[in-house]
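Heads up: the structure comes next, in structure tokens.
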Amino acid sequence: MDGNTLENIYQENLEERIMLYLKEIEDISYEKSMEIYYRSKLSKKIEEGKLGIQYLDYKVLVDILRETEQELFE
């Protein structure tokens with residue numbers, strides 16, 4: 001496996017953990033957590049690897065999402 005493959009696997013696992021944790025703490029369906037995540041600016045930053053944000057803990061990332069993009073939860 002090369003570095004890009006490992007990075008892609010890591011990112012997919014990170015996104016999965018984010019959506020599952022979001023589902024748990026917001027008490028919403030998995031589909032809703034997916035919708036919130038994929039509509040967020042955070043998901044784009046993670047995808048692009050901006051500022052190394054993808055290396056933060058998934059719980060921290062969910063907290064950031066909840067604080068900075070509250071409109072997605074309405």
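Scheme for the structure tokens: letters A, B, ... for chains in order shown; per-chain residue numbers from 1; ligand numbers from 1 in order shown.
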
Which polymer residues have any atom within 9 Å of an atom of stretch 9-23 of chain A, counting only C-alpha atoms, with same-chain residues fewer than 4 positions away left out, as an mmCIF file with N, CA, C and O atoms, in the first residue's frame?
```cif
data_model
loop_
_atom_site.group_PDB
_atom_site.id
_atom_site.type_symbol
_atom_site.label_atom_id
_atom_site.label_comp_id
_atom_site.auth_asym_id
_atom_site.auth_seq_id
_atom_site.Cartn_x
_atom_site.Cartn_y
_atom_site.Cartn_z
ATOM 1 N N ASN A 4 -0.936 7.309 -0.381
ATOM 2 C CA ASN A 4 -2.247 7.824 -0.776
ATOM 3 C C ASN A 4 -3.359 6.851 -0.410
ATOM 4 O O ASN A 4 -4.434 7.267 0.030
ATOM 5 N N THR A 5 -3.109 5.573 -0.586
ATOM 6 C CA THR A 5 -4.109 4.564 -0.238
ATOM 7 C C THR A 5 -4.381 4.578 1.259
ATOM 8 O O THR A 5 -5.532 4.559 1.691
ATOM 9 N N ASP A 27 -28.700 12.438 18.750
ATOM 10 C CA ASP A 27 -29.861 11.547 18.756
ATOM 11 C C ASP A 27 -30.673 11.709 17.464
ATOM 12 O O ASP A 27 -31.860 12.022 17.487
ATOM 13 N N ILE A 28 -29.964 11.518 16.359
ATOM 14 C CA ILE A 28 -30.571 11.624 15.033
ATOM 15 C C ILE A 28 -30.283 10.342 14.257
ATOM 16 O O ILE A 28 -29.477 9.517 14.686
ATOM 17 N N SER A 29 -30.934 10.199 13.133
ATOM 18 C CA SER A 29 -30.695 9.016 12.305
ATOM 19 C C SER A 29 -29.320 9.112 11.649
ATOM 20 O O SER A 29 -28.745 10.191 11.511
ATOM 21 N N TYR A 30 -28.829 7.965 11.233
ATOM 22 C CA TYR A 30 -27.544 7.939 10.535
ATOM 23 C C TYR A 30 -27.644 8.715 9.227
ATOM 24 O O TYR A 30 -26.707 9.431 8.853
ATOM 25 N N GLU A 31 -28.776 8.612 8.563
ATOM 26 C CA GLU A 31 -28.977 9.337 7.310
ATOM 27 C C GLU A 31 -28.885 10.849 7.537
ATOM 28 O O GLU A 31 -28.285 11.570 6.746
ATOM 29 N N LYS A 32 -29.481 11.312 8.631
ATOM 30 C CA LYS A 32 -29.432 12.738 8.956
ATOM 31 C C LYS A 32 -27.998 13.170 9.283
ATOM 32 O O LYS A 32 -27.556 14.244 8.861
ATOM 33 N N SER A 33 -27.285 12.335 10.011
ATOM 34 C CA SER A 33 -25.896 12.684 10.336
ATOM 35 C C SER A 33 -25.050 12.734 9.071
ATOM 36 O O SER A 33 -24.165 13.589 8.946
ATOM 37 N N MET A 34 -25.306 11.846 8.119
ATOM 38 C CA MET A 34 -24.610 11.883 6.835
ATOM 39 C C MET A 34 -24.917 13.175 6.098
ATOM 40 O O MET A 34 -24.015 13.823 5.553
ATOM 41 N N ILE A 36 -25.897 16.067 7.319
ATOM 42 C CA ILE A 36 -25.257 17.193 7.993
ATOM 43 C C ILE A 36 -23.768 17.224 7.659
ATOM 44 O O ILE A 36 -23.225 18.266 7.279
ATOM 45 N N TYR A 37 -23.125 16.088 7.796
ATOM 46 C CA TYR A 37 -21.685 16.043 7.565
ATOM 47 C C TYR A 37 -21.333 16.422 6.129
ATOM 48 O O TYR A 37 -20.461 17.271 5.902
ATOM 49 N N SER A 43 -16.494 19.005 6.150
ATOM 50 C CA SER A 43 -16.225 17.834 5.305
ATOM 51 C C SER A 43 -15.331 18.204 4.123
ATOM 52 O O SER A 43 -14.456 17.434 3.729
ATOM 53 N N ILE A 46 -11.767 18.587 5.413
ATOM 54 C CA ILE A 46 -11.173 17.272 5.649
ATOM 55 C C ILE A 46 -10.791 16.631 4.329
ATOM 56 O O ILE A 46 -9.695 16.078 4.179
ATOM 57 N N GLU A 47 -11.677 16.703 3.361
ATOM 58 C CA GLU A 47 -11.410 16.118 2.047
ATOM 59 C C GLU A 47 -10.173 16.734 1.400
ATOM 60 O O GLU A 47 -9.355 16.046 0.789
ATOM 61 N N GLN A 54 -7.698 17.019 9.289
ATOM 62 C CA GLN A 54 -8.117 15.627 9.249
ATOM 63 C C GLN A 54 -7.409 14.768 10.299
ATOM 64 O O GLN A 54 -7.802 13.640 10.543
ATOM 65 N N TYR A 55 -6.398 15.324 10.944
ATOM 66 C CA TYR A 55 -5.671 14.560 11.954
ATOM 67 C C TYR A 55 -6.161 14.831 13.377
ATOM 68 O O TYR A 55 -5.658 14.238 14.325
ATOM 69 N N ASP A 57 -8.881 14.601 16.474
ATOM 70 C CA ASP A 57 -9.774 13.553 16.962
ATOM 71 C C ASP A 57 -11.187 13.785 16.440
ATOM 72 O O ASP A 57 -11.644 14.924 16.355
ATOM 73 N N TYR A 58 -11.878 12.710 16.096
ATOM 74 C CA TYR A 58 -13.223 12.836 15.526
ATOM 75 C C TYR A 58 -14.190 13.541 16.472
ATOM 76 O O TYR A 58 -15.085 14.261 16.032
ATOM 77 N N LYS A 59 -14.020 13.375 17.781
ATOM 78 C CA LYS A 59 -14.908 14.056 18.736
ATOM 79 C C LYS A 59 -14.664 15.557 18.714
ATOM 80 O O LYS A 59 -15.608 16.343 18.796
ATOM 81 N N LEU A 61 -13.584 17.179 16.107
ATOM 82 C CA LEU A 61 -14.140 17.631 14.831
ATOM 83 C C LEU A 61 -15.658 17.792 14.902
ATOM 84 O O LEU A 61 -16.208 18.743 14.356
ATOM 85 N N VAL A 62 -16.332 16.894 15.593
ATOM 86 C CA VAL A 62 -17.784 17.025 15.766
ATOM 87 C C VAL A 62 -18.099 18.263 16.591
ATOM 88 O O VAL A 62 -19.030 19.009 16.272
#
```

Quiz prompt | 12 Å contact set for A:Arg39, only C-alpha atoms, chain neighbours under 6 positions out, as a list in words | solution =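 These residues fall inside the cut-off: Lys32, Ser33, Lys45, Leu65, Glu69, Gln70, Glu71, Leu72 and Phe73 of chain A.
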
Quiz item: Could you pull out all residues of stretch 1-60 of chain A with a DSSP call of alpha helix (DSSP H) and give them as an MDAnalysis selection string?
Solution: chainID A and resid 3:26 30:39 41:48 58:60

Dump as a compact mmCIF listing (two decimals), in the first residue's frame, selection limited to N, CA and C atoms:
```txt
# COMPACT_ATOMS: atom_id res chain seq x y z
N GLY A 3 1.23 5.60 0.31
CA GLY A 3 0.76 6.63 1.24
C GLY A 3 -0.62 7.16 0.91
N ASN A 4 -0.94 7.31 -0.38
CA ASN A 4 -2.25 7.82 -0.78
C ASN A 4 -3.36 6.85 -0.41
N THR A 5 -3.11 5.57 -0.59
CA THR A 5 -4.11 4.56 -0.24
C THR A 5 -4.38 4.58 1.26
N LEU A 6 -3.32 4.64 2.04
CA LEU A 6 -3.48 4.69 3.50
C LEU A 6 -4.22 5.95 3.93
N GLU A 7 -3.89 7.06 3.30
CA GLU A 7 -4.55 8.33 3.63
C GLU A 7 -6.04 8.25 3.31
N ASN A 8 -6.39 7.65 2.19
CA ASN A 8 -7.80 7.50 1.81
C ASN A 8 -8.55 6.62 2.79
N ILE A 9 -7.93 5.53 3.21
CA ILE A 9 -8.56 4.64 4.18
C ILE A 9 -8.76 5.36 5.51
N TYR A 10 -7.74 6.09 5.94
CA TYR A 10 -7.84 6.85 7.18
C TYR A 10 -8.98 7.86 7.10
N GLN A 11 -9.07 8.56 5.98
CA GLN A 11 -10.12 9.58 5.82
C GLN A 11 -11.51 8.95 5.84
N GLU A 12 -11.68 7.83 5.16
CA GLU A 12 -12.98 7.15 5.16
C GLU A 12 -13.36 6.72 6.57
N ASN A 13 -12.41 6.19 7.32
CA ASN A 13 -12.69 5.78 8.69
C ASN A 13 -13.02 6.98 9.57
N LEU A 14 -12.31 8.08 9.35
CA LEU A 14 -12.57 9.30 10.11
C LEU A 14 -13.99 9.79 9.84
N GLU A 15 -14.38 9.84 8.59
CA GLU A 15 -15.72 10.31 8.25
C GLU A 15 -16.78 9.41 8.88
N GLU A 16 -16.55 8.11 8.86
CA GLU A 16 -17.49 7.17 9.46
C GLU A 16 -17.62 7.42 10.97
N ARG A 17 -16.49 7.62 11.64
CA ARG A 17 -16.52 7.88 13.09
C ARG A 17 -17.23 9.20 13.38
N ILE A 18 -17.00 10.21 12.55
CA ILE A 18 -17.66 11.50 12.75
C ILE A 18 -19.18 11.33 12.64
N MET A 19 -19.63 10.66 11.61
CA MET A 19 -21.08 10.52 11.41
C MET A 19 -21.73 9.67 12.49
N LEU A 20 -21.06 8.62 12.93
CA LEU A 20 -21.61 7.79 14.00
C LEU A 20 -21.67 8.55 15.32
N TYR A 21 -20.63 9.31 15.61
CA TYR A 21 -20.62 10.09 16.85
C TYR A 21 -21.66 11.20 16.80
N LEU A 22 -21.80 11.83 15.67
CA LEU A 22 -22.81 12.87 15.49
C LEU A 22 -24.20 12.29 15.69
N LYS A 23 -24.44 11.13 15.14
CA LYS A 23 -25.72 10.43 15.32
C LYS A 23 -26.00 10.20 16.80
N GLU A 24 -24.98 9.75 17.51
CA GLU A 24 -25.12 9.41 18.92
C GLU A 24 -25.42 10.64 19.78
N ILE A 25 -24.62 11.68 19.63
CA ILE A 25 -24.78 12.82 20.54
C ILE A 25 -25.95 13.73 20.17
N GLU A 26 -26.36 13.72 18.91
CA GLU A 26 -27.49 14.54 18.49
C GLU A 26 -28.80 13.74 18.52
N TYR A 30 -28.83 7.96 11.23
CA TYR A 30 -27.54 7.94 10.54
C TYR A 30 -27.64 8.72 9.23
N GLU A 31 -28.78 8.61 8.56
CA GLU A 31 -28.98 9.34 7.31
C GLU A 31 -28.88 10.85 7.54
N LYS A 32 -29.48 11.31 8.63
CA LYS A 32 -29.43 12.74 8.96
C LYS A 32 -28.00 13.17 9.28
N SER A 33 -27.28 12.34 10.01
CA SER A 33 -25.90 12.68 10.34
C SER A 33 -25.05 12.73 9.07
N MET A 34 -25.31 11.85 8.12
CA MET A 34 -24.61 11.88 6.84
C MET A 34 -24.92 13.17 6.10
N GLU A 35 -26.18 13.54 6.09
CA GLU A 35 -26.59 14.77 5.40
C GLU A 35 -25.89 15.99 6.00
N ILE A 36 -25.90 16.07 7.32
CA ILE A 36 -25.26 17.19 7.99
C ILE A 36 -23.77 17.22 7.66
N TYR A 37 -23.12 16.09 7.80
CA TYR A 37 -21.68 16.04 7.56
C TYR A 37 -21.33 16.42 6.13
N TYR A 38 -21.98 15.81 5.17
CA TYR A 38 -21.59 16.05 3.77
C TYR A 38 -22.00 17.43 3.26
N ARG A 39 -22.91 18.11 3.96
CA ARG A 39 -23.26 19.49 3.60
C ARG A 39 -22.34 20.50 4.28
N LYS A 41 -19.00 22.58 5.73
CA LYS A 41 -17.72 23.09 5.26
C LYS A 41 -16.59 22.23 5.82
N LEU A 42 -16.83 21.68 6.99
CA LEU A 42 -15.83 20.83 7.63
C LEU A 42 -15.49 19.63 6.75
N SER A 43 -16.49 19.01 6.15
CA SER A 43 -16.23 17.83 5.30
C SER A 43 -15.33 18.20 4.12
N LYS A 44 -15.54 19.39 3.59
CA LYS A 44 -14.71 19.84 2.47
C LYS A 44 -13.27 20.09 2.92
N LYS A 45 -13.11 20.65 4.12
CA LYS A 45 -11.76 20.88 4.64
C LYS A 45 -11.04 19.56 4.89
N ILE A 46 -11.77 18.59 5.41
CA ILE A 46 -11.17 17.27 5.65
C ILE A 46 -10.79 16.63 4.33
N GLU A 47 -11.68 16.70 3.36
CA GLU A 47 -11.41 16.12 2.05
C GLU A 47 -10.17 16.73 1.40
N GLU A 48 -10.04 18.05 1.54
CA GLU A 48 -8.92 18.76 0.93
C GLU A 48 -7.65 18.68 1.78
N TYR A 58 -11.88 12.71 16.10
CA TYR A 58 -13.22 12.84 15.53
C TYR A 58 -14.19 13.54 16.47
N LYS A 59 -14.02 13.38 17.78
CA LYS A 59 -14.91 14.06 18.74
C LYS A 59 -14.66 15.56 18.71
N VAL A 60 -13.43 15.95 18.59
CA VAL A 60 -13.09 17.37 18.47
C VAL A 60 -13.68 17.93 17.19
```
